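*Asks:* Okay, so here is final07.txt, and as you'll see once you scroll down, it has compact mmCIF, all heavy atoms.
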```txt
# COMPACT_ATOMS: atom_id res chain seq x y z
N MET A 1 -54.43 -82.67 -60.37
CA MET A 1 -53.72 -83.93 -60.35
C MET A 1 -54.57 -84.96 -59.63
O MET A 1 -55.09 -84.71 -58.55
CB MET A 1 -52.37 -83.74 -59.64
CG MET A 1 -51.54 -85.01 -59.59
SD MET A 1 -49.99 -84.79 -58.74
CE MET A 1 -49.06 -83.95 -59.98
N ALA A 2 -54.74 -86.12 -60.23
CA ALA A 2 -55.58 -87.18 -59.67
C ALA A 2 -54.76 -88.05 -58.73
O ALA A 2 -53.60 -88.34 -58.97
CB ALA A 2 -56.16 -88.04 -60.77
N THR A 3 -55.39 -88.45 -57.66
CA THR A 3 -54.76 -89.37 -56.71
C THR A 3 -55.48 -90.71 -56.80
O THR A 3 -56.70 -90.75 -56.75
CB THR A 3 -54.87 -88.82 -55.27
OG1 THR A 3 -54.28 -87.53 -55.22
CG2 THR A 3 -54.20 -89.75 -54.29
N ILE A 4 -54.71 -91.77 -56.92
CA ILE A 4 -55.28 -93.11 -57.01
C ILE A 4 -54.99 -93.84 -55.71
O ILE A 4 -53.85 -93.93 -55.28
CB ILE A 4 -54.71 -93.89 -58.20
CG1 ILE A 4 -55.06 -93.18 -59.50
CG2 ILE A 4 -55.24 -95.32 -58.20
CD1 ILE A 4 -54.43 -93.79 -60.72
N SER A 5 -56.03 -94.33 -55.09
CA SER A 5 -55.90 -95.09 -53.86
C SER A 5 -56.11 -96.56 -54.16
O SER A 5 -57.09 -96.94 -54.77
CB SER A 5 -56.94 -94.61 -52.85
OG SER A 5 -56.92 -95.42 -51.70
N THR A 6 -55.16 -97.38 -53.75
CA THR A 6 -55.32 -98.81 -53.94
C THR A 6 -55.65 -99.44 -52.60
O THR A 6 -55.11 -99.06 -51.57
CB THR A 6 -54.05 -99.46 -54.51
OG1 THR A 6 -52.97 -99.22 -53.60
CG2 THR A 6 -53.72 -98.90 -55.87
N GLN A 7 -56.55 -100.39 -52.63
CA GLN A 7 -56.99 -101.05 -51.43
C GLN A 7 -56.94 -102.55 -51.67
O GLN A 7 -57.36 -103.03 -52.73
CB GLN A 7 -58.42 -100.61 -51.10
CG GLN A 7 -58.95 -101.15 -49.81
CD GLN A 7 -60.31 -100.57 -49.49
OE1 GLN A 7 -60.96 -99.97 -50.33
NE2 GLN A 7 -60.75 -100.77 -48.27
N ALA A 8 -56.42 -103.27 -50.71
CA ALA A 8 -56.33 -104.72 -50.85
C ALA A 8 -57.73 -105.32 -50.81
O ALA A 8 -58.56 -104.93 -50.00
CB ALA A 8 -55.49 -105.30 -49.73
N ARG A 9 -57.97 -106.22 -51.73
CA ARG A 9 -59.26 -106.93 -51.78
C ARG A 9 -59.00 -108.41 -51.85
O ARG A 9 -58.00 -108.85 -52.41
CB ARG A 9 -60.07 -106.49 -52.99
CG ARG A 9 -60.50 -105.05 -52.90
CD ARG A 9 -61.33 -104.66 -54.07
NE ARG A 9 -61.81 -103.30 -53.86
CZ ARG A 9 -62.43 -102.61 -54.77
NH1 ARG A 9 -62.66 -103.12 -55.96
NH2 ARG A 9 -62.83 -101.39 -54.52
N THR A 10 -59.90 -109.18 -51.32
CA THR A 10 -59.80 -110.63 -51.33
C THR A 10 -60.90 -111.19 -52.21
O THR A 10 -62.07 -110.83 -52.05
CB THR A 10 -59.95 -111.19 -49.90
OG1 THR A 10 -58.94 -110.60 -49.07
CG2 THR A 10 -59.80 -112.69 -49.89
N VAL A 11 -60.55 -112.07 -53.14
CA VAL A 11 -61.54 -112.74 -53.97
C VAL A 11 -62.05 -113.95 -53.20
O VAL A 11 -61.28 -114.83 -52.84
CB VAL A 11 -60.94 -113.17 -55.33
CG1 VAL A 11 -61.97 -113.95 -56.14
CG2 VAL A 11 -60.44 -111.97 -56.11
N LEU A 12 -63.33 -113.97 -52.92
CA LEU A 12 -63.94 -115.07 -52.18
C LEU A 12 -64.32 -116.23 -53.10
O LEU A 12 -64.21 -117.40 -52.72
CB LEU A 12 -65.17 -114.59 -51.42
CG LEU A 12 -64.95 -113.46 -50.41
CD1 LEU A 12 -66.28 -113.01 -49.84
CD2 LEU A 12 -64.00 -113.92 -49.32
N GLU A 13 -64.80 -115.89 -54.30
CA GLU A 13 -65.27 -116.93 -55.23
C GLU A 13 -65.33 -116.34 -56.63
O GLU A 13 -65.47 -115.14 -56.81
CB GLU A 13 -66.65 -117.43 -54.81
CG GLU A 13 -67.11 -118.68 -55.49
CD GLU A 13 -66.26 -119.90 -55.16
OE1 GLU A 13 -66.09 -120.21 -53.98
OE2 GLU A 13 -65.75 -120.51 -56.12
N ARG A 14 -65.23 -117.21 -57.64
CA ARG A 14 -65.31 -116.82 -59.06
C ARG A 14 -66.45 -117.59 -59.72
O ARG A 14 -66.64 -118.77 -59.43
CB ARG A 14 -64.02 -117.15 -59.79
CG ARG A 14 -62.82 -116.44 -59.24
CD ARG A 14 -61.52 -116.99 -59.86
NE ARG A 14 -60.37 -116.37 -59.25
CZ ARG A 14 -59.77 -115.29 -59.72
NH1 ARG A 14 -60.20 -114.72 -60.81
NH2 ARG A 14 -58.73 -114.77 -59.09
N PHE A 15 -67.18 -116.90 -60.60
CA PHE A 15 -68.29 -117.52 -61.31
C PHE A 15 -68.19 -117.16 -62.78
O PHE A 15 -67.96 -115.99 -63.11
CB PHE A 15 -69.63 -117.03 -60.75
CG PHE A 15 -69.88 -117.44 -59.32
CD1 PHE A 15 -69.46 -116.64 -58.28
CD2 PHE A 15 -70.51 -118.63 -59.05
CE1 PHE A 15 -69.67 -117.02 -56.97
CE2 PHE A 15 -70.74 -119.02 -57.74
CZ PHE A 15 -70.32 -118.22 -56.69
N PRO A 16 -68.39 -118.12 -63.69
CA PRO A 16 -68.35 -117.80 -65.12
C PRO A 16 -69.50 -116.86 -65.48
O PRO A 16 -70.60 -116.95 -64.93
CB PRO A 16 -68.51 -119.15 -65.81
CG PRO A 16 -69.08 -120.07 -64.78
CD PRO A 16 -68.67 -119.53 -63.44
N ALA A 17 -69.24 -115.97 -66.42
CA ALA A 17 -70.26 -115.00 -66.82
C ALA A 17 -71.38 -115.63 -67.64
O ALA A 17 -72.46 -115.09 -67.73
CB ALA A 17 -69.62 -113.86 -67.60
N GLY A 18 -71.15 -116.77 -68.23
CA GLY A 18 -72.14 -117.40 -69.10
C GLY A 18 -73.07 -118.36 -68.39
O GLY A 18 -73.34 -119.44 -68.89
N GLY A 19 -73.57 -117.98 -67.24
CA GLY A 19 -74.47 -118.85 -66.49
C GLY A 19 -75.83 -118.96 -67.15
O GLY A 19 -76.14 -118.23 -68.09
N PRO A 20 -76.67 -119.87 -66.68
CA PRO A 20 -78.01 -120.04 -67.25
C PRO A 20 -78.83 -118.75 -67.11
O PRO A 20 -78.67 -118.00 -66.16
CB PRO A 20 -78.63 -121.15 -66.41
CG PRO A 20 -77.50 -121.80 -65.70
CD PRO A 20 -76.40 -120.79 -65.59
N ARG A 21 -79.69 -118.52 -68.07
CA ARG A 21 -80.54 -117.33 -68.07
C ARG A 21 -81.40 -117.29 -66.81
O ARG A 21 -82.02 -118.28 -66.44
CB ARG A 21 -81.43 -117.33 -69.30
CG ARG A 21 -82.25 -116.09 -69.41
CD ARG A 21 -83.02 -116.09 -70.69
NE ARG A 21 -83.07 -114.72 -71.17
CZ ARG A 21 -83.48 -114.37 -72.34
NH1 ARG A 21 -83.87 -115.28 -73.19
NH2 ARG A 21 -83.50 -113.12 -72.69
N GLY A 22 -81.40 -116.14 -66.15
CA GLY A 22 -82.19 -115.97 -64.94
C GLY A 22 -81.49 -116.46 -63.69
O GLY A 22 -82.05 -116.38 -62.60
N SER A 23 -80.27 -116.96 -63.83
CA SER A 23 -79.52 -117.46 -62.69
C SER A 23 -78.43 -116.44 -62.34
O SER A 23 -77.70 -115.97 -63.20
CB SER A 23 -78.88 -118.80 -63.04
OG SER A 23 -78.03 -119.22 -62.01
N TRP A 24 -78.31 -116.10 -61.07
CA TRP A 24 -77.32 -115.14 -60.61
C TRP A 24 -76.52 -115.74 -59.46
O TRP A 24 -76.61 -115.29 -58.31
CB TRP A 24 -78.02 -113.85 -60.16
CG TRP A 24 -78.78 -113.21 -61.26
CD1 TRP A 24 -80.11 -113.36 -61.53
CD2 TRP A 24 -78.26 -112.36 -62.27
NE1 TRP A 24 -80.45 -112.63 -62.65
CE2 TRP A 24 -79.32 -112.01 -63.12
CE3 TRP A 24 -77.00 -111.85 -62.54
CZ2 TRP A 24 -79.16 -111.18 -64.21
CZ3 TRP A 24 -76.85 -111.02 -63.63
CH2 TRP A 24 -77.91 -110.68 -64.44
N PRO A 25 -75.73 -116.78 -59.70
CA PRO A 25 -75.02 -117.45 -58.61
C PRO A 25 -74.05 -116.54 -57.86
O PRO A 25 -73.90 -116.68 -56.64
CB PRO A 25 -74.30 -118.61 -59.29
CG PRO A 25 -74.23 -118.23 -60.73
CD PRO A 25 -75.42 -117.38 -61.00
N ALA A 26 -73.39 -115.61 -58.54
CA ALA A 26 -72.46 -114.71 -57.86
C ALA A 26 -73.22 -113.81 -56.88
O ALA A 26 -72.78 -113.61 -55.75
CB ALA A 26 -71.68 -113.88 -58.86
N GLU A 27 -74.36 -113.28 -57.32
CA GLU A 27 -75.17 -112.42 -56.45
C GLU A 27 -75.71 -113.21 -55.26
O GLU A 27 -75.76 -112.70 -54.13
CB GLU A 27 -76.31 -111.78 -57.22
CG GLU A 27 -75.88 -110.76 -58.23
CD GLU A 27 -75.32 -109.48 -57.61
OE1 GLU A 27 -75.48 -109.25 -56.40
OE2 GLU A 27 -74.70 -108.71 -58.36
N GLU A 28 -76.12 -114.44 -55.50
CA GLU A 28 -76.64 -115.28 -54.41
C GLU A 28 -75.55 -115.60 -53.40
O GLU A 28 -75.77 -115.57 -52.19
CB GLU A 28 -77.24 -116.56 -54.98
CG GLU A 28 -78.50 -116.31 -55.81
CD GLU A 28 -78.92 -117.51 -56.64
OE1 GLU A 28 -78.26 -118.55 -56.59
OE2 GLU A 28 -79.93 -117.37 -57.36
N TYR A 29 -74.35 -115.91 -53.90
CA TYR A 29 -73.23 -116.20 -53.01
C TYR A 29 -72.86 -114.96 -52.19
O TYR A 29 -72.63 -115.06 -50.99
CB TYR A 29 -72.02 -116.69 -53.83
CG TYR A 29 -70.84 -117.07 -52.98
CD1 TYR A 29 -70.75 -118.33 -52.42
CD2 TYR A 29 -69.80 -116.17 -52.76
CE1 TYR A 29 -69.67 -118.70 -51.64
CE2 TYR A 29 -68.71 -116.52 -51.98
CZ TYR A 29 -68.65 -117.78 -51.42
OH TYR A 29 -67.58 -118.13 -50.64
N ALA A 30 -72.81 -113.80 -52.84
CA ALA A 30 -72.48 -112.57 -52.13
C ALA A 30 -73.52 -112.26 -51.06
O ALA A 30 -73.18 -111.84 -49.95
CB ALA A 30 -72.36 -111.41 -53.11
N ALA A 31 -74.80 -112.48 -51.37
CA ALA A 31 -75.86 -112.23 -50.40
C ALA A 31 -75.71 -113.16 -49.19
O ALA A 31 -75.90 -112.74 -48.04
CB ALA A 31 -77.23 -112.43 -51.04
N ALA A 32 -75.35 -114.41 -49.43
CA ALA A 32 -75.13 -115.35 -48.33
C ALA A 32 -73.95 -114.92 -47.47
O ALA A 32 -73.99 -115.02 -46.24
CB ALA A 32 -74.91 -116.76 -48.88
N GLN A 33 -72.90 -114.40 -48.11
CA GLN A 33 -71.74 -113.92 -47.36
C GLN A 33 -72.10 -112.70 -46.52
O GLN A 33 -71.70 -112.58 -45.37
CB GLN A 33 -70.59 -113.58 -48.31
CG GLN A 33 -69.99 -114.77 -49.02
CD GLN A 33 -69.43 -115.79 -48.04
OE1 GLN A 33 -68.61 -115.46 -47.19
NE2 GLN A 33 -69.89 -117.02 -48.17
N ARG A 34 -72.90 -111.80 -47.09
CA ARG A 34 -73.34 -110.62 -46.34
C ARG A 34 -74.21 -111.03 -45.15
O ARG A 34 -74.13 -110.42 -44.09
CB ARG A 34 -74.08 -109.65 -47.25
CG ARG A 34 -73.14 -108.92 -48.22
CD ARG A 34 -73.85 -107.79 -48.95
NE ARG A 34 -74.90 -108.25 -49.84
CZ ARG A 34 -74.71 -108.56 -51.13
NH1 ARG A 34 -73.52 -108.45 -51.66
NH2 ARG A 34 -75.72 -108.97 -51.86
N ALA A 35 -75.03 -112.05 -45.32
CA ALA A 35 -75.87 -112.54 -44.23
C ALA A 35 -75.02 -113.09 -43.08
O ALA A 35 -75.46 -113.08 -41.93
CB ALA A 35 -76.83 -113.62 -44.74
N GLN A 36 -73.81 -113.52 -43.40
CA GLN A 36 -72.89 -114.04 -42.38
C GLN A 36 -71.96 -112.95 -41.84
O GLN A 36 -71.06 -113.24 -41.06
CB GLN A 36 -72.06 -115.19 -42.94
CG GLN A 36 -72.86 -116.40 -43.30
CD GLN A 36 -72.02 -117.50 -43.93
OE1 GLN A 36 -70.81 -117.40 -44.03
NE2 GLN A 36 -72.67 -118.55 -44.36
N GLY A 37 -72.15 -111.71 -42.28
CA GLY A 37 -71.38 -110.60 -41.75
C GLY A 37 -70.18 -110.16 -42.57
O GLY A 37 -69.44 -109.28 -42.15
N THR A 38 -69.97 -110.77 -43.73
CA THR A 38 -68.86 -110.38 -44.60
C THR A 38 -69.34 -109.35 -45.60
O THR A 38 -70.36 -109.56 -46.26
CB THR A 38 -68.30 -111.61 -45.36
OG1 THR A 38 -67.86 -112.58 -44.41
CG2 THR A 38 -67.13 -111.22 -46.25
N ASN A 39 -68.63 -108.26 -45.73
CA ASN A 39 -69.00 -107.21 -46.67
C ASN A 39 -68.59 -107.64 -48.08
O ASN A 39 -67.54 -107.26 -48.57
CB ASN A 39 -68.35 -105.88 -46.29
CG ASN A 39 -68.78 -104.76 -47.18
OD1 ASN A 39 -69.82 -104.82 -47.82
ND2 ASN A 39 -67.97 -103.73 -47.26
N ALA A 40 -69.40 -108.44 -48.73
CA ALA A 40 -69.10 -108.99 -50.05
C ALA A 40 -69.82 -108.22 -51.14
O ALA A 40 -70.96 -107.79 -50.96
CB ALA A 40 -69.50 -110.46 -50.11
N GLN A 41 -69.14 -108.08 -52.28
CA GLN A 41 -69.76 -107.45 -53.44
C GLN A 41 -69.32 -108.18 -54.71
O GLN A 41 -68.31 -108.86 -54.71
CB GLN A 41 -69.41 -105.97 -53.50
CG GLN A 41 -67.94 -105.67 -53.54
CD GLN A 41 -67.69 -104.18 -53.48
OE1 GLN A 41 -68.51 -103.37 -53.88
NE2 GLN A 41 -66.53 -103.80 -52.99
N VAL A 42 -70.09 -108.00 -55.76
CA VAL A 42 -69.81 -108.67 -57.03
C VAL A 42 -69.23 -107.65 -58.00
O VAL A 42 -69.76 -106.55 -58.14
CB VAL A 42 -71.09 -109.30 -57.63
CG1 VAL A 42 -70.81 -109.95 -58.97
CG2 VAL A 42 -71.68 -110.31 -56.66
N VAL A 43 -68.14 -108.04 -58.65
CA VAL A 43 -67.53 -107.22 -59.69
C VAL A 43 -67.29 -108.10 -60.91
O VAL A 43 -67.21 -109.32 -60.81
CB VAL A 43 -66.21 -106.56 -59.24
CG1 VAL A 43 -66.45 -105.59 -58.10
CG2 VAL A 43 -65.19 -107.60 -58.86
N MET A 44 -67.18 -107.46 -62.06
CA MET A 44 -66.91 -108.20 -63.30
C MET A 44 -65.44 -108.10 -63.64
O MET A 44 -64.88 -107.01 -63.65
CB MET A 44 -67.76 -107.61 -64.44
CG MET A 44 -67.57 -108.28 -65.77
SD MET A 44 -68.24 -109.93 -65.74
CE MET A 44 -67.79 -110.51 -67.33
N ASP A 45 -64.82 -109.23 -63.91
CA ASP A 45 -63.44 -109.27 -64.39
C ASP A 45 -63.50 -109.49 -65.90
O ASP A 45 -63.70 -110.62 -66.35
CB ASP A 45 -62.66 -110.38 -63.69
CG ASP A 45 -61.21 -110.42 -64.11
OD1 ASP A 45 -60.66 -109.38 -64.51
OD2 ASP A 45 -60.60 -111.51 -64.03
N LEU A 46 -63.38 -108.41 -66.65
CA LEU A 46 -63.54 -108.49 -68.10
C LEU A 46 -62.50 -109.37 -68.79
O LEU A 46 -62.87 -110.14 -69.68
CB LEU A 46 -63.55 -107.09 -68.71
CG LEU A 46 -64.76 -106.24 -68.35
CD1 LEU A 46 -64.59 -104.83 -68.90
CD2 LEU A 46 -66.03 -106.87 -68.85
N PRO A 47 -61.21 -109.31 -68.43
CA PRO A 47 -60.23 -110.14 -69.13
C PRO A 47 -60.51 -111.64 -69.04
O PRO A 47 -60.25 -112.39 -69.96
CB PRO A 47 -58.90 -109.79 -68.47
CG PRO A 47 -59.09 -108.42 -67.90
CD PRO A 47 -60.54 -108.37 -67.49
N THR A 48 -61.08 -112.10 -67.90
CA THR A 48 -61.35 -113.53 -67.74
C THR A 48 -62.82 -113.88 -67.97
O THR A 48 -63.19 -115.05 -67.92
CB THR A 48 -60.95 -114.01 -66.34
OG1 THR A 48 -61.74 -113.34 -65.35
CG2 THR A 48 -59.47 -113.79 -66.09
N ASP A 49 -63.69 -112.86 -68.21
CA ASP A 49 -65.12 -113.06 -68.40
C ASP A 49 -65.73 -113.82 -67.23
O ASP A 49 -66.44 -114.81 -67.40
CB ASP A 49 -65.39 -113.78 -69.73
CG ASP A 49 -66.83 -113.65 -70.18
OD1 ASP A 49 -67.45 -112.63 -69.85
OD2 ASP A 49 -67.34 -114.58 -70.84
N GLN A 50 -65.43 -113.33 -66.02
CA GLN A 50 -65.95 -113.94 -64.80
C GLN A 50 -66.50 -112.87 -63.87
O GLN A 50 -66.06 -111.72 -63.89
CB GLN A 50 -64.84 -114.68 -64.04
CG GLN A 50 -64.31 -115.90 -64.73
CD GLN A 50 -63.25 -116.56 -63.89
OE1 GLN A 50 -62.53 -115.93 -63.13
NE2 GLN A 50 -63.14 -117.87 -64.03
N PHE A 51 -67.46 -113.28 -63.05
CA PHE A 51 -67.91 -112.45 -61.95
C PHE A 51 -67.11 -112.87 -60.72
O PHE A 51 -66.99 -114.06 -60.43
CB PHE A 51 -69.40 -112.64 -61.68
CG PHE A 51 -70.28 -112.06 -62.75
CD1 PHE A 51 -70.98 -112.89 -63.62
CD2 PHE A 51 -70.41 -110.69 -62.89
CE1 PHE A 51 -71.79 -112.36 -64.61
CE2 PHE A 51 -71.22 -110.15 -63.89
CZ PHE A 51 -71.90 -110.99 -64.73
N LEU A 52 -66.58 -111.89 -60.01
CA LEU A 52 -65.82 -112.16 -58.79
C LEU A 52 -66.61 -111.66 -57.60
O LEU A 52 -67.15 -110.55 -57.63
CB LEU A 52 -64.46 -111.45 -58.83
CG LEU A 52 -63.58 -111.66 -60.04
CD1 LEU A 52 -62.31 -110.84 -59.91
CD2 LEU A 52 -63.27 -113.13 -60.24
N VAL A 53 -66.66 -112.46 -56.57
CA VAL A 53 -67.24 -112.01 -55.30
C VAL A 53 -66.04 -111.62 -54.45
O VAL A 53 -65.17 -112.43 -54.16
CB VAL A 53 -68.07 -113.11 -54.61
CG1 VAL A 53 -68.62 -112.60 -53.29
CG2 VAL A 53 -69.20 -113.57 -55.52
N ILE A 54 -66.00 -110.32 -54.09
CA ILE A 54 -64.83 -109.80 -53.38
C ILE A 54 -65.25 -109.18 -52.04
O ILE A 54 -66.42 -108.88 -51.83
CB ILE A 54 -64.08 -108.75 -54.21
CG1 ILE A 54 -64.97 -107.54 -54.48
CG2 ILE A 54 -63.56 -109.35 -55.51
CD1 ILE A 54 -64.23 -106.35 -55.02
N THR A 55 -64.25 -109.01 -51.19
CA THR A 55 -64.43 -108.29 -49.94
C THR A 55 -63.23 -107.41 -49.71
O THR A 55 -62.12 -107.73 -50.18
CB THR A 55 -64.65 -109.25 -48.75
OG1 THR A 55 -64.91 -108.49 -47.58
CG2 THR A 55 -63.47 -110.16 -48.53
N ASP A 56 -63.42 -106.28 -49.05
CA ASP A 56 -62.32 -105.37 -48.75
C ASP A 56 -61.55 -105.80 -47.52
O ASP A 56 -60.51 -105.26 -47.21
CB ASP A 56 -62.85 -103.95 -48.54
CG ASP A 56 -63.37 -103.34 -49.83
OD1 ASP A 56 -62.92 -103.77 -50.91
OD2 ASP A 56 -64.22 -102.46 -49.76
N THR A 57 -62.08 -106.77 -46.79
CA THR A 57 -61.41 -107.23 -45.59
C THR A 57 -60.58 -108.48 -45.88
O THR A 57 -60.87 -109.23 -46.81
CB THR A 57 -62.45 -107.57 -44.48
OG1 THR A 57 -63.34 -108.56 -44.99
CG2 THR A 57 -63.24 -106.35 -44.08
N THR A 58 -59.58 -108.69 -45.11
CA THR A 58 -58.73 -109.87 -45.25
C THR A 58 -59.42 -111.05 -44.59
O THR A 58 -59.89 -110.94 -43.46
CB THR A 58 -57.36 -109.65 -44.61
OG1 THR A 58 -56.78 -108.48 -45.18
CG2 THR A 58 -56.44 -110.83 -44.83
N THR A 59 -59.50 -112.17 -45.30
CA THR A 59 -60.12 -113.37 -44.75
C THR A 59 -59.04 -114.33 -44.28
O THR A 59 -57.93 -114.35 -44.80
CB THR A 59 -61.03 -114.07 -45.77
OG1 THR A 59 -60.24 -114.40 -46.91
CG2 THR A 59 -62.18 -113.19 -46.17
N GLN A 60 -59.37 -115.12 -43.31
CA GLN A 60 -58.41 -116.10 -42.77
C GLN A 60 -58.59 -117.45 -43.42
O GLN A 60 -59.62 -117.89 -43.70
CB GLN A 60 -58.62 -116.25 -41.26
CG GLN A 60 -58.47 -114.94 -40.54
CD GLN A 60 -57.02 -114.58 -40.25
OE1 GLN A 60 -56.17 -115.45 -40.16
NE2 GLN A 60 -56.74 -113.32 -40.14
```
How would this structure read if it were set down as structure tokens?
*Replies:*
Amino acid sequence: MATISTQARTVLERFPAGGPRGSWPAEEYAAAQRAQGTNAQVVMDLPTDQFLVITDTTTQ
């Protein structure tokens, strides 16, 4: 039997998937957030065709 664990995540920013070739604004934003101490990662939201920068911590 599989157990599913849900964890609250906060979306920090959204970026359209159709950005200019060679441009990775979601990755750049996430890297800047990590440099400031926020554990940010990029995920793809397929239904909206967007990259989301998320964190597992609650932001104020």
*Asks:* Give me the residues within 6 Å of Asp56 in chain A as a compact mmCIF listing (two decimals) with all heavy atoms, in the coordinates of the input, counting all atoms listed in the file and dropping any in the same chain fewer than 4 places off.
*Replies:*
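Saved as out_27.txt:
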```txt
# COMPACT_ATOMS: atom_id res chain seq x y z
N GLN A 7 -56.55 -100.39 -52.63
CA GLN A 7 -56.99 -101.05 -51.43
C GLN A 7 -56.94 -102.55 -51.67
O GLN A 7 -57.36 -103.03 -52.73
CB GLN A 7 -58.42 -100.61 -51.10
CG GLN A 7 -58.95 -101.15 -49.81
CD GLN A 7 -60.31 -100.57 -49.49
OE1 GLN A 7 -60.96 -99.97 -50.33
NE2 GLN A 7 -60.75 -100.77 -48.27
N ALA A 8 -56.42 -103.27 -50.71
CA ALA A 8 -56.33 -104.72 -50.85
C ALA A 8 -57.73 -105.32 -50.81
O ALA A 8 -58.56 -104.93 -50.00
CB ALA A 8 -55.49 -105.30 -49.73
N ARG A 9 -57.97 -106.22 -51.73
CA ARG A 9 -59.26 -106.93 -51.78
C ARG A 9 -59.00 -108.41 -51.85
O ARG A 9 -58.00 -108.85 -52.41
CB ARG A 9 -60.07 -106.49 -52.99
CG ARG A 9 -60.50 -105.05 -52.90
CD ARG A 9 -61.33 -104.66 -54.07
NE ARG A 9 -61.81 -103.30 -53.86
CZ ARG A 9 -62.43 -102.61 -54.77
NH1 ARG A 9 -62.66 -103.12 -55.96
NH2 ARG A 9 -62.83 -101.39 -54.52
N THR A 10 -59.90 -109.18 -51.32
CA THR A 10 -59.80 -110.63 -51.33
C THR A 10 -60.90 -111.19 -52.21
O THR A 10 -62.07 -110.83 -52.05
CB THR A 10 -59.95 -111.19 -49.90
OG1 THR A 10 -58.94 -110.60 -49.07
CG2 THR A 10 -59.80 -112.69 -49.89
N ASN A 39 -68.63 -108.26 -45.73
CA ASN A 39 -69.00 -107.21 -46.67
C ASN A 39 -68.59 -107.64 -48.08
O ASN A 39 -67.54 -107.26 -48.57
CB ASN A 39 -68.35 -105.88 -46.29
CG ASN A 39 -68.78 -104.76 -47.18
OD1 ASN A 39 -69.82 -104.82 -47.82
ND2 ASN A 39 -67.97 -103.73 -47.26
N GLN A 41 -69.14 -108.08 -52.28
CA GLN A 41 -69.76 -107.45 -53.44
C GLN A 41 -69.32 -108.18 -54.71
O GLN A 41 -68.31 -108.86 -54.71
CB GLN A 41 -69.41 -105.97 -53.50
CG GLN A 41 -67.94 -105.67 -53.54
CD GLN A 41 -67.69 -104.18 -53.48
OE1 GLN A 41 -68.51 -103.37 -53.88
NE2 GLN A 41 -66.53 -103.80 -52.99
```
*Asks:* Using only C-alpha atoms, pick whichever of A:Ala17, A:Gln33, A:Gly22, A:Glu28 has the shortest atom-to-atom distance to Leu46 in chain A.
*Replies:* A:Ala17
*Asks:* Record the distance separating CA of Ala32 in chain A and CA of Arg14 in chain A, expressed in Å with one decimal.
*Replies:*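 Here the two named atoms are 14.6 Å from each other.
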*Asks:* How far is it from CA of Asp45 in chain A to CA of Phe15 in chain A, in Å with one decimal?
*Replies:*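 Computed distance, CA of Asp45 in chain A to CA of Phe15 in chain A, equals 10.1 Å.
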*Asks:* Would you work out the distance separating atom O of Arg21 in chain A from CB of Val42 in chain A, expressed in Å to one decimal?
*Replies:*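 Between atom O of Arg21 in chain A and CB of Val42 in chain A the gap is 16.7 Å.
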*Asks:* For the alpha helix (DSSP H) assignment from backbone DSSP, which residues of chain A qualify? Please present them as a PyMOL selection string.
*Replies:* chain A and resi 25-35
